[in-house]
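Written below as structure tokens is the structure these notes are about.
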Amino acid sequence: MFATAIHEPRHLPIAKSQLIVMDDLFGSNFRDLSRHHSGKTRFFHNTLYPLKLPNLLLFKGFCLHSGVMSVLSFNQVRFVFGHILLSLFASTAFPNAVVSQDFFQWLAQVRGEAASNGISQSTLDAAFADLEPIPRVIELDRSQPEFTLTFSRYLRSAVSEKRVATGRERLRQHAALLNHLENKYGIPARFLVAVWGLETNYGQAKGAFPVIGATATLYFDGRRESLFRRELFDALTILEQGHVSPQNMMGSWAGAMGHTQFMPSNFLAYAVDEDGDGRKDVWNTIPDALSSAANYLNALGWQSGFTWGREVRLPENFDYDLVSVETRARSQIRSLDEWAMLGVRRTNGRPLPGAQIDAALVVPQGADGPAFLVYDNYRVILDWNLSSFYGLAVGHLADRLGGAGPLAAGLKDESPLARSDVISLQEGLIALGHLQGGGADGVLGSGTRTAVKSFQKSSGLVADGYADQEIMRLVRERSGSLQN
Ligand SMILES: [Ca+2]
């Protein structure tokens with residue numbers, strides 16, 4: 001009777017005695033499995049699928065990361081770990097069968113909803129033919145890098161000499177189109193080509209996942225259900241409108257499509273049929289793809305006639321409390337005149353331009369690395385992709401494409417921090433009262449940089465908010481001595 005409580009016992013390639021052993025170990029929790037197989041908790045299945053140890057560890061990390069553990073009751077935790085154990089005992093065929101059955105029930109519902117939203121049966125037949133969840137998509141969604149990415153390592157690859165050379169070639173090759181788009185949307189050619197270079201290496205890496213499969217997997221998975229629900233339905237609308245066939249609708253593992261990696265929702269809002277053939281083809285028609293990107297940047301508020309920011313030289317004994325440590329760089333905003341009065345200059349030592357523009361100061365490698373004043377268009381780039389490294393790389397690549405040389409300050413070589421080190425740094429900052437509890441997520445984001453800055457100020461150090469091995473050592477030392 002235990003077997004009947006489990007979903008689809010006919011598909012269980014697992015001995016009944018094993019199930020009973022586990023049932024004894026974990027009590028009625030196993031019987032709850034069948035009831036948990038639908039609705040919100042179905043992500044357990046996906047997270048554990050395919051059942052390899054790294055996935056289980058990622059799952060554990062995900063639970064800790066997202067705070068799932070703190071909201072689950074003990075019984076629920078037992079249920080989850082019971083499930084992990086069961087999964088280890090069973091061959092992959094067991095959860096496979098369960099996933100498949102759940103998935104197809106769920107897909108039938110999605111299909112019904114899509115049909116009532118006006119998607120035709122023929123589009124749905126084509127879109128959902130042979131559709132199955134893609135385990136690799138879940139794996140990539142859960143993966144967390146073992147080491148932090150340093151700015152020098154990121155920039156060397158994002159703005160490599162090869163990428164600069166190819167970008168300059170693209171500028172020449174598509175000069176007429178880019179000039180037209182600059183007039184139409186106010187986005188200078190070098191910025192558009194820089195975004196193109198960063199997103200897909202000028203169309204050389206557009207992504208090889210089927211967009212319907214990827215977005216359906218992430219919607220079904222449930223971790224970011226409402227986001228990917230919308231993206232899946234928007235992807236179906238794109239198919240319904242006939243811009244692309246399901247076979248050719250490829251993208252990244254998260255569903256970002258074409259030369260400049262448009263999510264389906266971006267596509268519906270901003271894609272343009274620049275060549276006028278009746279289809280918005282961001283995958284294989286460069287005029288459509290670049291016009292779409294320019295239209296989107298324009299809609300995000302790009303200010304034509306202004307650049308993104310610039311590398312600057314800071315004076316000796318500069319007060320690093322003036323740098324912005326949060327990703328969006330919205331604090332510590334001053335006019336260029338004020339920055340000039342504080343001693344900030346161009347990298348060649350000449351005065352800052354006299355333009356009436358507000359700027360924030362960003363130091364991605366701390367006081368020992370390059371410094372940048374960033375303007376409103378930098379924040380437009382962040383609205384496209386919220387990452388300060390990305391924003392600085394687009395800006396710097398655009399400058400290089402416009403003829404500028406490498407960064408004047410050069411890039412400091414340093415070893416990246418292990419994720420576990422970042423977590424221990426964060427725990428130390430929490431213990432010392434500089435970071436809120438729950439902030440130990442292993443990611444060096446705005447919150448951690450702000451906490452590092454607060455620690456530095458209270459310790460009389462240069463307050464650049466930059467976390468390196470030395471800060472880690474000091475925080476560990478101080479927080480350790482608290483406990484003695
Ligand atoms: Ca077209």
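Chains: A, B, ... in order of the structure tokens. Residues: from 1 per chain. Ligands: from 1, in order shown.
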For Phe318 of chain A, list every protein, DNA or RNA residue within 9 Å, evaluated using only C-alpha atoms, and leave out those in the same chain fewer than 5 positions away; present the list as a PyMOL selection string. chain A and resi 342-344
Could you save the residues just selected, with N, CA and C atoms, as a PDB file, in the first residue's frame?
ATOM      1  N   LEU A 342      37.423  68.580  -5.948  1.00  0.00           N
ATOM      2  CA  LEU A 342      37.975  67.564  -5.050  1.00  0.00           C
ATOM      3  C   LEU A 342      39.314  67.015  -5.569  1.00  0.00           C
ATOM      4  N   GLY A 343      39.739  67.536  -6.732  1.00  0.00           N
ATOM      5  CA  GLY A 343      41.060  67.142  -7.237  1.00  0.00           C
ATOM      6  C   GLY A 343      41.028  66.036  -8.275  1.00  0.00           C
ATOM      7  N   VAL A 344      39.816  65.633  -8.716  1.00  0.00           N
ATOM      8  CA  VAL A 344      39.725  64.574  -9.726  1.00  0.00           C
ATOM      9  C   VAL A 344      40.071  65.168 -11.095  1.00  0.00           C
TER      10      VAL A 344
END
Quick one: everything within 8 Å of segment 369-385 of chain A, counting only C-alpha atoms, minus sequence neighbours fewer than 3 positions away in the same chain. Send it as a VMD selection string. chain A and resid 297 300 to 303 306 to 314 328 to 329 357 to 366 388 390 to 392 394 to 395 407 to 412
Print the selection's residues with N, CA and C atoms to a file, as a CSV table (one decimal), in the first residue's frame.
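Below is the file that was written, again19.csv:
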chain,number,residue,atom,x,y,z
A,297,LEU,N,17.7,50.6,-26.0
A,297,LEU,CA,18.5,51.5,-25.2
A,297,LEU,C,17.9,52.9,-25.2
A,300,LEU,N,15.2,53.0,-22.7
A,300,LEU,CA,15.7,53.0,-21.3
A,300,LEU,C,16.2,54.4,-20.9
A,301,GLY,N,16.2,55.3,-21.8
A,301,GLY,CA,16.5,56.7,-21.5
A,301,GLY,C,17.9,57.2,-21.8
A,302,TRP,N,18.5,56.5,-22.8
A,302,TRP,CA,19.9,57.0,-23.3
A,302,TRP,C,19.9,58.4,-23.7
A,303,GLN,N,20.8,59.2,-23.1
A,303,GLN,CA,20.9,60.6,-23.5
A,303,GLN,C,21.9,60.8,-24.6
A,306,PHE,N,25.7,62.5,-24.9
A,306,PHE,CA,26.6,62.3,-23.7
A,306,PHE,C,27.2,60.9,-23.8
A,307,THR,N,28.4,60.8,-23.2
A,307,THR,CA,29.0,59.5,-23.1
A,307,THR,C,28.6,58.8,-21.9
A,308,TRP,N,29.3,57.7,-21.5
A,308,TRP,CA,28.9,56.9,-20.4
A,308,TRP,C,29.5,57.2,-19.1
A,309,GLY,N,30.7,57.9,-19.2
A,309,GLY,CA,31.6,58.1,-18.1
A,309,GLY,C,33.0,58.2,-18.6
A,310,ARG,N,34.0,58.2,-17.7
A,310,ARG,CA,35.4,58.2,-18.1
A,310,ARG,C,36.3,57.7,-17.0
A,311,GLU,N,37.4,57.2,-17.4
A,311,GLU,CA,38.4,56.8,-16.4
A,311,GLU,C,39.0,58.1,-15.9
A,312,VAL,N,39.3,58.2,-14.6
A,312,VAL,CA,39.9,59.5,-14.1
A,312,VAL,C,41.1,59.2,-13.2
A,313,ARG,N,41.8,60.2,-12.8
A,313,ARG,CA,42.9,60.1,-11.9
A,313,ARG,C,42.5,60.8,-10.6
A,314,LEU,N,42.7,60.1,-9.5
A,314,LEU,CA,42.4,60.7,-8.2
A,314,LEU,C,43.6,61.3,-7.6
A,328,ARG,N,24.3,50.3,-8.5
A,328,ARG,CA,23.7,51.3,-9.4
A,328,ARG,C,24.4,52.6,-9.4
A,329,ALA,N,25.3,52.8,-8.5
A,329,ALA,CA,26.1,54.1,-8.4
A,329,ALA,C,25.1,55.2,-8.3
A,357,ILE,N,27.2,68.0,-16.0
A,357,ILE,CA,26.7,66.6,-15.9
A,357,ILE,C,27.0,66.1,-14.5
A,358,ASP,N,26.1,65.3,-13.9
A,358,ASP,CA,26.3,64.7,-12.6
A,358,ASP,C,27.0,63.3,-12.8
A,359,ALA,N,27.9,63.0,-11.8
A,359,ALA,CA,28.6,61.8,-11.9
A,359,ALA,C,28.8,61.1,-10.5
A,360,ALA,N,29.0,59.8,-10.6
A,360,ALA,CA,29.4,59.1,-9.4
A,360,ALA,C,30.7,58.4,-9.6
A,361,LEU,N,31.4,58.1,-8.6
A,361,LEU,CA,32.8,57.6,-8.7
A,361,LEU,C,32.7,56.1,-8.3
A,362,VAL,N,33.3,55.3,-9.3
A,362,VAL,CA,33.3,53.8,-9.1
A,362,VAL,C,34.8,53.3,-9.1
A,363,VAL,N,35.1,52.5,-8.2
A,363,VAL,CA,36.5,51.9,-8.1
A,363,VAL,C,36.4,50.4,-8.0
A,364,PRO,N,36.3,49.7,-9.2
A,364,PRO,CA,36.0,48.3,-9.2
A,364,PRO,C,37.0,47.4,-8.6
A,365,GLN,N,38.3,47.9,-8.4
A,365,GLN,CA,39.3,47.1,-7.8
A,365,GLN,C,39.8,47.8,-6.5
A,366,GLY,N,39.0,48.7,-6.0
A,366,GLY,CA,39.4,49.4,-4.8
A,366,GLY,C,40.4,50.5,-5.1
A,388,SER,N,28.0,46.0,-12.4
A,388,SER,CA,28.9,47.1,-12.6
A,388,SER,C,30.0,46.7,-13.6
A,390,TYR,N,29.8,44.7,-16.1
A,390,TYR,CA,29.3,44.8,-17.4
A,390,TYR,C,29.2,46.3,-17.9
A,391,GLY,N,28.7,47.1,-17.1
A,391,GLY,CA,28.5,48.5,-17.4
A,391,GLY,C,29.9,49.2,-17.8
A,392,LEU,N,30.9,48.9,-16.9
A,392,LEU,CA,32.2,49.5,-17.2
A,392,LEU,C,32.8,48.9,-18.5
A,394,VAL,N,31.2,47.7,-21.2
A,394,VAL,CA,30.5,48.3,-22.3
A,394,VAL,C,31.1,49.7,-22.6
A,395,GLY,N,31.2,50.4,-21.5
A,395,GLY,CA,31.8,51.8,-21.7
A,395,GLY,C,33.2,51.8,-22.2
A,407,LEU,N,43.1,51.0,-20.5
A,407,LEU,CA,43.0,51.8,-19.3
A,407,LEU,C,44.3,52.4,-18.9
A,408,ALA,N,44.3,53.6,-18.5
A,408,ALA,CA,45.6,54.3,-18.1
A,408,ALA,C,46.2,53.7,-16.8
A,409,ALA,N,45.3,53.3,-15.9
A,409,ALA,CA,45.7,52.8,-14.6
A,409,ALA,C,46.3,51.4,-14.7
A,410,GLY,N,46.0,50.7,-15.8
A,410,GLY,CA,46.4,49.3,-15.9
A,410,GLY,C,45.5,48.4,-14.9
A,411,LEU,N,45.6,47.1,-15.0
A,411,LEU,CA,44.8,46.3,-14.2
A,411,LEU,C,45.6,45.6,-13.2
A,412,LYS,N,45.2,45.6,-12.0
A,412,LYS,CA,45.9,45.0,-10.9
A,412,LYS,C,45.6,43.5,-10.9
Among segment 142-306 of chain A, which ones does DSSP place in helix (DSSP H, G or I), written as a count of residues only? 96
Taking only C-alpha atoms and all ligand atoms and a cut-off of 10 Å, can you tell me which residues surround ligand 1, written as an MDAnalysis selection string? chainID A and resid 243 271:282 284:289
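Atom CA of Lys453 of chain A is found 16.9 Å from atom CA of Gly437 of chain A.
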Given the choices A:Glu169, A:Glu182, A:Glu414, A:Asp319, which gets closest to Leu149 of chain A if the distance is worked out from only C-alpha atoms?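 Selected residue with least distance to Leu149 of chain A: A:Glu414.
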One decimal, in Å: what's the spacing between atom CA of Ala404 of chain A and atom CA of Leu192 of chain A? 16.5 Å
Taken to one decimal, the atom CA of Gly305 of chain A-atom CA of Gly354 of chain A distance is 14.2 Å
Which of segment 172-336 of chain A counts as strand (DSSP E or B) under DSSP, as a list of chain:residue names please?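 Residues of segment 172-336 of chain A classed as strand (DSSP E or B): A:Phe209, A:Pro210, A:Met250, A:Gly251, A:Met257, A:Phe262, A:Gly309, A:Arg310, A:Glu311, A:Val312, A:Arg313, A:Arg334, A:Ser335.
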Set the distance at 9 Å and use only C-alpha atoms: which residues neighbour Tyr320 of chain A once local chain neighbours fewer than 6 positions away are removed? I'd like the list as a PDB file with N, CA and C atoms, in the first residue's frame.
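Final output, saved to out34.pdb:
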ATOM      1  N   GLY A 366      39.007  48.721  -5.994  1.00  0.00           N
ATOM      2  CA  GLY A 366      39.433  49.435  -4.806  1.00  0.00           C
ATOM      3  C   GLY A 366      40.431  50.537  -5.112  1.00  0.00           C
ATOM      4  N   ALA A 367      41.030  51.069  -4.055  1.00  0.00           N
ATOM      5  CA  ALA A 367      41.898  52.244  -4.173  1.00  0.00           C
ATOM      6  C   ALA A 367      43.126  51.993  -5.047  1.00  0.00           C
ATOM      7  N   VAL A 462      41.457  52.819   4.574  1.00  0.00           N
ATOM      8  CA  VAL A 462      40.947  53.458   3.364  1.00  0.00           C
ATOM      9  C   VAL A 462      39.577  52.851   3.049  1.00  0.00           C
ATOM     10  N   ALA A 463      38.534  53.695   3.017  1.00  0.00           N
ATOM     11  CA  ALA A 463      37.162  53.178   2.944  1.00  0.00           C
ATOM     12  C   ALA A 463      36.703  53.058   1.495  1.00  0.00           C
ATOM     13  N   ASP A 464      37.309  52.129   0.730  1.00  0.00           N
ATOM     14  CA  ASP A 464      36.914  51.962  -0.684  1.00  0.00           C
ATOM     15  C   ASP A 464      35.884  50.855  -0.877  1.00  0.00           C
ATOM     16  N   GLY A 465      35.502  50.162   0.197  1.00  0.00           N
ATOM     17  CA  GLY A 465      34.467  49.117   0.092  1.00  0.00           C
ATOM     18  C   GLY A 465      34.941  47.879  -0.644  1.00  0.00           C
TER      19      GLY A 465
END
Within 9 Å of segment 442-444 of chain A, counting only C-alpha atoms, which residues show up once you throw out same-chain ones fewer than 3 positions away? Write them as number ranges by chain, please. A: 65, 148, 418-426, 439, 447-449, 467
Nearest to Asp141 of chain A, chosen from A:Arg223, A:Arg230, A:Lys457, A:His259, with only C-alpha atoms counted in the distances: A:Arg223
Find the residue from A:Tyr154, A:Trp253, A:Tyr466, A:Phe128 that sits nearest to Leu218 of chain A; use only C-alpha atoms when measuring.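 Closest to Leu218 of chain A of all the choices is A:Trp253.
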